[in-house]
>>> print(open('entry.tsv').read())   # TSV, C-alpha atoms and all ligand atoms
chain	number	residue	atom	x	y	z
A	119	MET	CA	0.00	0.00	0.00
A	120	GLN	CA	1.15	3.53	-0.71
A	121	PRO	CA	1.83	5.82	2.22
A	122	VAL	CA	-0.41	8.73	3.11
A	123	SER	CA	0.21	11.39	0.50
A	124	GLU	CA	2.28	14.38	1.40
A	125	SER	CA	-0.09	17.31	1.30
A	126	SER	CA	1.34	20.76	0.66
A	127	ARG	CA	-1.87	22.41	1.88
A	128	ALA	CA	-2.99	21.92	5.43
A	129	ASP	CA	-6.66	22.01	4.40
A	130	LEU	CA	-6.31	19.08	1.99
A	131	PRO	CA	-7.31	15.72	3.45
A	132	ALA	CA	-4.78	12.95	3.89
A	133	THR	CA	-5.20	10.53	1.00
A	134	ILE	CA	-4.16	6.94	0.33
A	135	PHE	CA	-4.29	5.34	-3.13
A	136	PRO	CA	-5.17	1.70	-2.35
A	137	LEU	CA	-5.02	0.45	-5.94
A	138	SER	CA	-1.85	2.39	-6.81
A	139	ASP	CA	-3.35	3.78	-10.01
A	140	GLY	CA	-3.69	7.41	-8.96
A	141	ILE	CA	-7.50	7.19	-9.27
A	142	GLY	CA	-8.75	4.88	-6.54
A	143	ALA	CA	-8.43	6.85	-3.33
A	144	VAL	CA	-9.44	7.07	0.30
A	145	SER	CA	-9.27	10.49	1.95
A	146	LEU	CA	-9.99	11.33	5.55
A	147	VAL	CA	-12.36	14.30	5.29
A	148	GLN	CA	-13.15	14.89	8.95
A	149	HIS	CA	-13.33	13.20	12.31
A	150	VAL	CA	-15.02	13.72	15.66
A	151	GLY	CA	-13.73	12.62	19.06
A	152	ASP	CA	-10.77	10.75	20.46
A	153	ASP	CA	-9.96	7.84	22.78
A	154	LYS	CA	-10.92	9.95	25.78
A	155	MET	CA	-14.45	10.32	24.41
A	156	VAL	CA	-14.83	6.53	24.50
A	157	VAL	CA	-13.71	6.48	28.13
A	158	ASN	CA	-15.99	9.35	29.13
A	159	ALA	CA	-18.98	7.83	27.36
A	160	ALA	CA	-18.42	4.63	29.35
A	161	ARG	CA	-17.80	6.42	32.68
A	162	VAL	CA	-20.73	8.82	32.52
A	163	SER	CA	-22.95	5.99	33.69
A	164	PHE	CA	-21.47	6.36	37.19
A	165	GLY	CA	-20.53	10.07	36.97
A	166	GLY	CA	-16.83	9.38	36.48
A	167	ASP	CA	-16.30	11.26	33.22
A	168	ASN	CA	-13.48	13.82	33.33
A	169	SER	CA	-11.22	16.00	31.20
A	170	ALA	CA	-7.90	14.64	32.50
A	171	PRO	CA	-5.46	13.26	29.93
A	172	MET	CA	-5.68	9.54	29.09
A	173	SER	CA	-4.38	7.44	31.98
A	174	ALA	CA	-3.31	3.80	32.22
A	175	ARG	CA	-6.70	3.14	33.83
A	176	ASP	CA	-8.44	4.70	30.85
A	177	GLU	CA	-6.45	2.51	28.47
A	178	LYS	CA	-7.37	-0.57	30.48
A	179	LEU	CA	-11.03	0.43	30.33
A	180	ILE	CA	-10.94	0.62	26.52
A	181	GLY	CA	-9.46	-2.86	26.37
A	182	TYR	CA	-12.19	-4.10	28.72
A	183	LEU	CA	-14.97	-2.48	26.68
A	184	LEU	CA	-13.74	-4.08	23.46
A	185	ARG	CA	-13.19	-7.47	25.06
A	186	GLU	CA	-16.63	-7.53	26.66
A	187	ARG	CA	-18.29	-6.08	23.55
A	188	HIS	CA	-19.62	-2.98	25.24
A	189	GLY	CA	-19.89	-1.23	21.90
A	190	SER	CA	-21.95	1.90	22.49
A	191	PRO	CA	-19.14	4.08	23.99
A	192	PHE	CA	-17.39	3.82	20.61
A	193	GLU	CA	-20.37	5.22	18.75
A	194	HIS	CA	-19.76	8.88	19.69
A	195	ASN	CA	-16.66	9.11	17.51
A	196	LEU	CA	-17.15	9.67	13.79
A	197	LEU	CA	-14.93	9.49	10.73
A	198	THR	CA	-15.84	10.71	7.25
A	199	PHE	CA	-13.94	9.30	4.29
A	200	LYS	CA	-14.13	10.24	0.65
A	201	VAL	CA	-13.86	6.91	-1.17
A	202	VAL	CA	-13.17	6.62	-4.89
A	203	CYS	CA	-13.45	2.93	-5.71
A	204	PRO	CA	-14.62	0.54	-8.42
A	205	ILE	CA	-18.34	-0.22	-8.28
A	206	PHE	CA	-17.58	-3.85	-7.35
A	207	VAL	CA	-15.74	-2.67	-4.23
A	208	ASP	CA	-18.50	-0.22	-3.39
A	209	ARG	CA	-21.11	-2.99	-3.64
A	210	GLN	CA	-19.33	-4.75	-0.78
A	211	MET	CA	-18.85	-1.62	1.31
A	212	VAL	CA	-22.49	-0.66	1.06
A	213	ARG	CA	-23.52	-3.94	2.70
A	214	HIS	CA	-22.37	-2.44	6.02
A	215	ARG	CA	-25.66	-0.96	7.14
A	216	VAL	CA	-25.34	-0.11	10.80
A	217	GLY	CA	-23.62	3.10	11.94
A	218	VAL	CA	-22.62	3.97	8.38
A	219	SER	CA	-23.87	6.91	6.27
A	220	LYS	CA	-23.21	7.27	2.56
A	221	ASN	CA	-23.76	9.72	-0.27
A	222	GLU	CA	-22.62	8.86	-3.78
A	223	THR	CA	-22.18	10.50	-7.18
A	224	SER	CA	-25.34	10.02	-9.23
A	225	GLY	CA	-25.17	8.70	-12.77
A	226	ARG	CA	-28.60	10.25	-13.23
A	227	TYR	CA	-27.33	13.78	-12.56
A	228	VAL	CA	-23.92	13.66	-14.20
A	229	GLU	CA	-22.40	11.96	-17.21
A	230	MET	CA	-20.03	9.26	-15.99
A	231	THR	CA	-16.37	10.01	-16.58
A	232	GLU	CA	-14.14	7.43	-18.17
A	233	ARG	CA	-12.36	6.26	-15.04
A	234	VAL	CA	-11.86	2.55	-14.92
A	235	TYR	CA	-9.93	0.20	-12.69
A	236	GLN	CA	-7.45	-1.90	-14.68
A	237	PRO	CA	-5.84	-4.60	-12.52
A	238	SER	CA	-2.06	-4.55	-12.69
A	239	SER	CA	-2.14	-8.35	-12.40
A	240	PHE	CA	-4.85	-10.99	-12.52
A	241	ARG	CA	-5.41	-13.74	-9.96
A	242	ARG	CA	-6.73	-17.28	-10.32
A	243	GLN	CA	-9.84	-18.70	-8.74
A	244	ALA	CA	-8.91	-20.46	-5.47
A	245	PRO	CA	-9.22	-24.25	-5.85
A	246	SER	CA	-10.82	-24.93	-2.44
A	247	ASN	CA	-12.65	-21.72	-1.47
A	248	ARG	CA	-15.34	-20.75	-3.96
A	249	GLN	CA	-15.14	-17.06	-2.98
A	250	ALA	CA	-11.40	-16.63	-2.85
A	251	SER	CA	-8.62	-15.92	-5.28
A	252	VAL	CA	-4.98	-16.96	-5.36
A	253	ALA	CA	-1.94	-15.28	-6.88
A	254	ASP	CA	-0.99	-16.26	-10.41
A	255	ASP	CA	1.49	-19.15	-10.31
A	256	GLY	CA	2.86	-17.99	-13.65
A	257	THR	CA	0.39	-19.96	-15.76
A	258	LEU	CA	-2.14	-17.15	-16.35
A	259	ASN	CA	-1.78	-15.28	-19.62
A	260	GLN	CA	-1.62	-11.83	-18.02
A	261	ALA	CA	-1.19	-9.98	-21.32
A	262	ALA	CA	-4.28	-11.60	-22.85
A	263	ALA	CA	-6.36	-10.88	-19.73
A	264	THR	CA	-5.23	-7.25	-19.77
A	265	LEU	CA	-6.23	-6.88	-23.43
A	266	ILE	CA	-9.64	-8.51	-22.94
A	267	TRP	CA	-10.36	-6.26	-19.93
A	268	ALA	CA	-9.30	-3.09	-21.78
A	269	GLU	CA	-11.27	-3.99	-24.91
A	270	ALA	CA	-14.43	-4.80	-22.94
A	271	TRP	CA	-14.13	-1.44	-21.22
A	272	ARG	CA	-13.49	0.42	-24.50
A	273	GLN	CA	-16.59	-1.10	-26.10
A	274	SER	CA	-18.78	-0.44	-23.05
A	275	PHE	CA	-17.79	3.18	-22.73
A	276	ALA	CA	-18.22	3.72	-26.49
A	277	ALA	CA	-21.72	2.22	-26.21
A	278	TYR	CA	-22.50	4.54	-23.27
A	279	GLN	CA	-21.44	7.59	-25.25
A	280	ALA	CA	-23.30	6.40	-28.35
A	281	LEU	CA	-26.52	6.00	-26.35
A	282	LEU	CA	-26.12	9.50	-24.90
A	283	ALA	CA	-25.47	10.88	-28.41
A	284	LEU	CA	-28.74	9.28	-29.55
A	285	GLY	CA	-30.52	11.20	-26.80
A	286	VAL	CA	-31.00	8.30	-24.38
A	287	THR	CA	-31.25	9.46	-20.77
A	288	ARG	CA	-28.17	9.14	-18.51
A	289	GLU	CA	-30.08	6.93	-16.06
A	290	GLN	CA	-30.62	4.29	-18.76
A	291	ALA	CA	-27.37	4.67	-20.72
A	292	ARG	CA	-25.26	3.92	-17.62
A	293	GLY	CA	-26.66	0.39	-17.66
A	294	VAL	CA	-24.02	-0.66	-20.19
A	295	LEU	CA	-21.09	0.39	-17.97
A	296	PRO	CA	-19.11	-2.35	-16.18
A	297	GLN	CA	-18.42	-2.78	-12.49
A	298	ALA	CA	-14.82	-1.61	-12.88
A	299	LEU	CA	-16.13	1.93	-13.34
A	300	TYR	CA	-15.00	4.19	-10.52
A	301	THR	CA	-17.62	5.72	-8.31
A	302	GLU	CA	-17.12	8.18	-5.45
A	303	SER	CA	-18.85	8.55	-2.13
A	304	TYR	CA	-18.64	10.11	1.27
A	305	TYR	CA	-18.81	7.42	3.91
A	306	THR	CA	-19.22	8.30	7.57
A	307	PHE	CA	-18.62	5.54	10.10
A	308	ASN	CA	-18.79	5.70	13.85
A	309	LEU	CA	-15.79	4.08	15.50
A	310	ARG	CA	-17.75	0.97	16.46
A	311	SER	CA	-19.03	0.40	12.93
A	312	LEU	CA	-15.57	1.11	11.48
A	313	LEU	CA	-13.97	-1.57	13.69
A	314	HIS	CA	-16.72	-4.00	12.69
A	315	PHE	CA	-16.13	-3.16	9.01
A	316	LEU	CA	-12.35	-3.58	9.38
A	317	GLY	CA	-12.79	-6.90	11.17
A	318	LEU	CA	-14.73	-8.25	8.20
A	319	ARG	CA	-13.03	-6.52	5.29
A	320	ASP	CA	-9.38	-6.24	6.37
A	321	HIS	CA	-9.35	-9.98	6.57
A	322	ASP	CA	-7.99	-12.92	4.58
A	323	GLY	CA	-11.52	-13.87	3.53
A	324	ALA	CA	-12.33	-10.47	1.98
A	325	GLN	CA	-11.82	-9.60	-1.67
A	326	TYR	CA	-8.26	-8.37	-2.18
A	327	GLU	CA	-9.21	-4.96	-3.62
A	328	THR	CA	-11.79	-4.32	-0.89
A	329	ARG	CA	-9.21	-5.32	1.69
A	330	LEU	CA	-6.84	-2.65	0.36
A	331	TYR	CA	-9.57	-0.05	0.84
A	332	ALA	CA	-10.26	-1.30	4.37
A	333	GLN	CA	-6.54	-1.14	5.18
A	334	ALA	CA	-6.40	2.43	3.88
A	335	MET	CA	-9.33	3.46	6.06
A	336	GLY	CA	-7.77	1.75	9.07
A	337	SER	CA	-4.43	3.49	8.45
A	338	LEU	CA	-6.11	6.89	8.35
A	339	ALA	CA	-8.20	6.20	11.46
A	340	GLU	CA	-5.58	4.55	13.67
A	341	PRO	CA	-3.52	7.67	14.56
A	342	LEU	CA	-6.72	9.42	15.69
A	343	PHE	CA	-7.69	6.64	18.11
A	344	PRO	CA	-4.36	5.01	18.99
A	345	VAL	CA	-5.45	3.37	22.25
A	346	THR	CA	-8.62	1.93	20.78
A	347	PHE	CA	-6.79	0.58	17.74
A	348	ALA	CA	-3.98	-0.92	19.81
A	349	ALA	CA	-6.49	-2.73	22.03
A	350	TRP	CA	-8.61	-3.81	19.06
A	351	ARG	CA	-5.63	-5.10	17.09
A	352	SER	CA	-4.37	-7.09	20.06
A	353	LEU	CA	-7.83	-8.68	20.41
A	354	GLN	CA	-7.85	-9.49	16.69
A	355	THR	CA	-4.47	-11.18	16.85
A	356	GLY	CA	-5.12	-12.83	20.22
A	357	HIS	CA	-2.21	-11.23	22.08
A	401	LIG	C1	-15.78	-12.31	3.24
A	401	LIG	C2	-17.21	-11.90	3.03
A	401	LIG	C3	-18.00	-12.58	2.12
A	401	LIG	C4	-19.32	-12.21	1.91
A	401	LIG	N1	-20.08	-12.89	1.00
A	401	LIG	C5	-21.35	-12.51	0.78
A	401	LIG	C6	-22.16	-13.20	-0.18
A	401	LIG	O1	-21.72	-14.11	-0.85
A	401	LIG	N2	-23.43	-12.75	-0.37
A	401	LIG	C7	-23.98	-11.73	0.36
A	401	LIG	O2	-25.12	-11.38	0.16
A	401	LIG	N3	-23.22	-11.08	1.29
A	401	LIG	C8	-21.95	-11.43	1.51
A	401	LIG	N4	-21.21	-10.77	2.44
A	401	LIG	C9	-21.80	-9.64	3.16
A	401	LIG	C10	-22.17	-10.04	4.61
A	401	LIG	O3	-23.18	-11.02	4.61
A	401	LIG	C11	-22.67	-8.79	5.38
A	401	LIG	O4	-23.82	-8.28	4.76
A	401	LIG	C12	-21.63	-7.69	5.42
A	401	LIG	O5	-20.36	-8.22	5.73
A	401	LIG	C13	-22.03	-6.66	6.46
A	401	LIG	O6	-21.86	-7.24	7.73
A	401	LIG	P1	-22.87	-6.96	8.91
A	401	LIG	O7	-24.28	-7.33	8.52
A	401	LIG	O8	-22.32	-7.60	10.13
A	401	LIG	O9	-22.73	-5.35	9.04
A	401	LIG	P2	-23.84	-4.28	9.33
A	401	LIG	O10	-24.87	-4.29	8.28
A	401	LIG	O11	-23.13	-2.99	9.53
A	401	LIG	O12	-24.52	-4.76	10.67
A	401	LIG	C14	-23.76	-4.70	11.90
A	401	LIG	C15	-24.37	-5.66	12.91
A	401	LIG	O13	-25.68	-5.22	13.24
A	401	LIG	C16	-26.53	-6.37	13.40
A	401	LIG	N5	-27.57	-6.35	12.39
A	401	LIG	C17	-27.59	-5.60	11.26
A	401	LIG	N6	-28.72	-5.81	10.57
A	401	LIG	C18	-29.42	-6.73	11.27
A	401	LIG	C19	-30.65	-7.35	11.03
A	401	LIG	N7	-31.39	-7.11	9.97
A	401	LIG	N8	-31.10	-8.24	11.94
A	401	LIG	C20	-30.36	-8.52	13.04
A	401	LIG	N9	-29.16	-7.95	13.32
A	401	LIG	C21	-28.70	-7.06	12.43
A	401	LIG	C22	-25.64	-7.60	13.27
A	401	LIG	O14	-25.14	-7.94	14.55
A	401	LIG	C23	-24.51	-7.09	12.40
A	401	LIG	O15	-23.32	-7.83	12.53
A	401	LIG	C24	-19.89	-11.13	2.66
A	401	LIG	C25	-19.08	-10.46	3.58
A	401	LIG	C26	-17.77	-10.84	3.78
A	401	LIG	C27	-16.93	-10.07	4.77
>>> encode(input="entry.tsv", output="structure tokens", more="lines below")
Ligand SMILES: Cc1cc2nc3c(=O)[nH]c(=O)nc-3n(C[C@H](O)[C@H](O)[C@H](O)COP(=O)(O)OP(=O)(O)OC[C@H]3O[C@@H](n4cnc5c(N)ncnc54)[C@H](O)[C@@H]3O)c2cc1C
Amino acid sequence: MQPVSESSRADLPATIFPLSDGIGAVSLVQHVGDDKMVVNAARVSFGGDNSAPMSARDEKLIGYLLRERHGSPFEHNLLTFKVVCPIFVDRQMVRHRVGVSKNETSGRYVEMTERVYQPSSFRRQAPSNRQASVADDGTLNQAAATLIWAEAWRQSFAAYQALLALGVTREQARGVLPQALYTESYYTFNLRSLLHFLGLRDHDGAQYETRLYAQAMGSLAEPLFPVTFAAWRSLQTGH
């Protein structure tokens, strides 16, 4: 994965390019809260919330909350990402329904721009897991796959433009565009829903491209909630 981009302007969001093509991107647009907010949300139940800096006791509490699945104290913290991803990645992201808000570019309002994801290498179907893929062992004809992908895209986008030129409405013409088309959205997660998302999508079982997006989101979020992420990662790995 590429590192967070160097931004020359302080008002520009930090951006990661998960697919390394300069198009697919995850930017952190805004965030609300910090680790202390989690602690205070948990402690308010017995009047123990405070504005003191994070203590070792606070850190222990976060670990306890995660371990015992007391999730609601993590819901007061929010992160908004701008996500530019292929439609097939977005179809997986949008399955995360709870604690997630989304607004997306509309192919009804605007003409779709010719931005397509072209894999830099193709993978094989996994022999044992029907969902999974495995790296090419050198037997895949990468050049042929690249050509077929590019030609399919060229024909689809030409058809889209031809339909528009005929006067067909944008909302119908977009039907000929493939799932590799890039789409862009604002996604807002609360910290609880983000950890749930990362647990499922930054995982061996997730689609590789979606996993890269999840890793990018995790990388942008982690420095904002270092105690929560440290405790969560240690639970994930079991130590
Ligand atoms: C590796 C992988 C493979 C997948 N394969 C497929 C597939 O082949 N086909 C497919 O359709 N989907 C597939 N999914 C999507 C998956 O089934 C979930 O829809 C998706 O991961 C979102 O998870 P979630 O429901 O836990 O998250 P959210 O929608 O954010 O829900 C969070 C939590 O809230 C609770 N919750 C949410 N809605 C309800 C509800 N209606 N009733 C009760 N409790 C609820 C649950 O505890 C849930 O875990 C796959 C996901 C992964 C990670």
>>> closest_atom_pairs(input="entry.tsv", of="stretch 291-334 of chain A", to="stretch 243-252 of chain A", cutoff="8 Å", atoms="only C-alpha atoms", output="Markdown table")
| residue | atom | partner | partner_atom | distance |
| --- | --- | --- | --- | --- |
| A:Gly323 | CA | A:Ala250 | CA | 7.0 |
| A:Ala324 | CA | A:Ala250 | CA | 7.9 |
| A:Gln325 | CA | A:Ala250 | CA | 7.1 |
>>> closest_residue(input="entry.tsv", among="A:Ser163, A:Gln354, A:Thr287, A:Ser219", to="ligand LIG 401 (chain A)", atoms="only C-alpha atoms and all ligand atoms")
A:Ser219
>>> residues_around(input="entry.tsv", residues="stretch 347-350 of chain A", least_positions_apart="4", cutoff="7 Å", atoms="all atoms listed in the file", output="VMD selection string")
chain A and resid 181 184 340 343 354
>>> atom_distance(input="entry.tsv", atom1="atom CA of A:Tyr305", atom2="atom CA of A:Thr223")
12.0 Å
>>> atom_distance(input="entry.tsv", atom1="atom CA of A:Gly140", atom2="atom C12 of ligand LIG 401 (chain A)")
27.5 Å
>>> closest_residue(input="entry.tsv", among="A:Arg215, A:Arg272, A:Arg242, A:His357", to="ligand LIG 401 (chain A)", atoms="all atoms listed in the file")
A:Arg215
>>> residues_near_ligand(input="entry.tsv", ligand="ligand LIG 401 (chain A)", cutoff="10 Å", atoms="all atoms listed in the file", output="PDB file with C-alpha atoms, keeping the file's coordinate frame")
ATOM      1  CA  ARG A 209     -21.110  -2.990  -3.640  1.00  0.00           C
ATOM      2  CA  GLN A 210     -19.330  -4.750  -0.780  1.00  0.00           C
ATOM      3  CA  MET A 211     -18.850  -1.620   1.310  1.00  0.00           C
ATOM      4  CA  VAL A 212     -22.490  -0.660   1.060  1.00  0.00           C
ATOM      5  CA  ARG A 213     -23.520  -3.940   2.700  1.00  0.00           C
ATOM      6  CA  HIS A 214     -22.370  -2.440   6.020  1.00  0.00           C
ATOM      7  CA  ARG A 215     -25.660  -0.960   7.140  1.00  0.00           C
ATOM      8  CA  VAL A 216     -25.340  -0.110  10.800  1.00  0.00           C
ATOM      9  CA  GLY A 217     -23.620   3.100  11.940  1.00  0.00           C
ATOM     10  CA  VAL A 218     -22.620   3.970   8.380  1.00  0.00           C
ATOM     11  CA  ARG A 248     -15.340 -20.750  -3.960  1.00  0.00           C
ATOM     12  CA  GLN A 249     -15.140 -17.060  -2.980  1.00  0.00           C
ATOM     13  CA  ALA A 250     -11.400 -16.630  -2.850  1.00  0.00           C
ATOM     14  CA  PHE A 307     -18.620   5.540  10.100  1.00  0.00           C
ATOM     15  CA  ARG A 310     -17.750   0.970  16.460  1.00  0.00           C
ATOM     16  CA  SER A 311     -19.030   0.400  12.930  1.00  0.00           C
ATOM     17  CA  LEU A 312     -15.570   1.110  11.480  1.00  0.00           C
ATOM     18  CA  HIS A 314     -16.720  -4.000  12.690  1.00  0.00           C
ATOM     19  CA  PHE A 315     -16.130  -3.160   9.010  1.00  0.00           C
ATOM     20  CA  LEU A 316     -12.350  -3.580   9.380  1.00  0.00           C
ATOM     21  CA  GLY A 317     -12.790  -6.900  11.170  1.00  0.00           C
ATOM     22  CA  LEU A 318     -14.730  -8.250   8.200  1.00  0.00           C
ATOM     23  CA  ARG A 319     -13.030  -6.520   5.290  1.00  0.00           C
ATOM     24  CA  ASP A 320      -9.380  -6.240   6.370  1.00  0.00           C
ATOM     25  CA  HIS A 321      -9.350  -9.980   6.570  1.00  0.00           C
ATOM     26  CA  ASP A 322      -7.990 -12.920   4.580  1.00  0.00           C
ATOM     27  CA  GLY A 323     -11.520 -13.870   3.530  1.00  0.00           C
ATOM     28  CA  ALA A 324     -12.330 -10.470   1.980  1.00  0.00           C
ATOM     29  CA  GLN A 325     -11.820  -9.600  -1.670  1.00  0.00           C
ATOM     30  CA  THR A 328     -11.790  -4.320  -0.890  1.00  0.00           C
ATOM     31  CA  ARG A 329      -9.210  -5.320   1.690  1.00  0.00           C
TER      32      ARG A 329
END
>>> atom_distance(input="entry.tsv", atom1="atom CA of A:Val162", atom2="atom CA of A:Tyr182")
15.9 Å
>>> closest_residue(input="entry.tsv", among="A:Met230, A:Leu258, A:Leu299, A:Leu183", to="A:Arg161", atoms="all atoms listed in the file")
A:Leu183
>>> closest_residue(input="entry.tsv", among="A:Pro237, A:Pro344, A:Pro204, A:Gly256", to="A:Leu309", atoms="all atoms listed in the file")
A:Pro344
>>> residues_around(input="entry.tsv", residues="A:Phe192", least_positions_apart="3", cutoff="10 Å", atoms="all atoms listed in the file", output="PyMOL selection string")
chain A and resi 151-153+155-157+159-160+180+183-184+188-189+195-196+308-313+346
>>> residues_near_point(input="entry.tsv", point="(-9.5, 8.2, 30.7)", cutoff="6 Å", atoms="all atoms listed in the file", output="PyMOL selection string")
chain A and resi 154+157+172-173+176
>>> residues_around(input="entry.tsv", residues="A:Thr198", least_positions_apart="5", cutoff="6 Å", atoms="all atoms listed in the file", output="count of residues only")
4
>>> closest_residue(input="entry.tsv", among="A:Leu197, A:Val202, A:Glu177, A:Ala280", to="A:Tyr235", atoms="only C-alpha atoms")
A:Val202
>>> closest_residue(input="entry.tsv", among="A:Gly225, A:Thr264, A:Met335, A:Gly356", to="A:Val294", atoms="all atoms listed in the file")
A:Gly225
>>> residues_around(input="entry.tsv", residues="A:Val201", least_positions_apart="2", cutoff="7 Å", atoms="all atoms listed in the file", output="count of residues only")
8
>>> residues_near_point(input="entry.tsv", point="(-6.7, -7.8, -13.1)", cutoff="8 Å", atoms="only C-alpha atoms", output="VMD selection string")
chain A and resid 236 to 241 263 to 264 267
>>> axis_aligned_box(input="entry.tsv", around="stretch 337-351 of chain A", padding_each_side="3 Å", output="JSON")
{"center_x": -6.1, "center_y": 2.2, "center_z": 15.3, "size_x": 11.1, "size_y": 20.5, "size_z": 19.9}
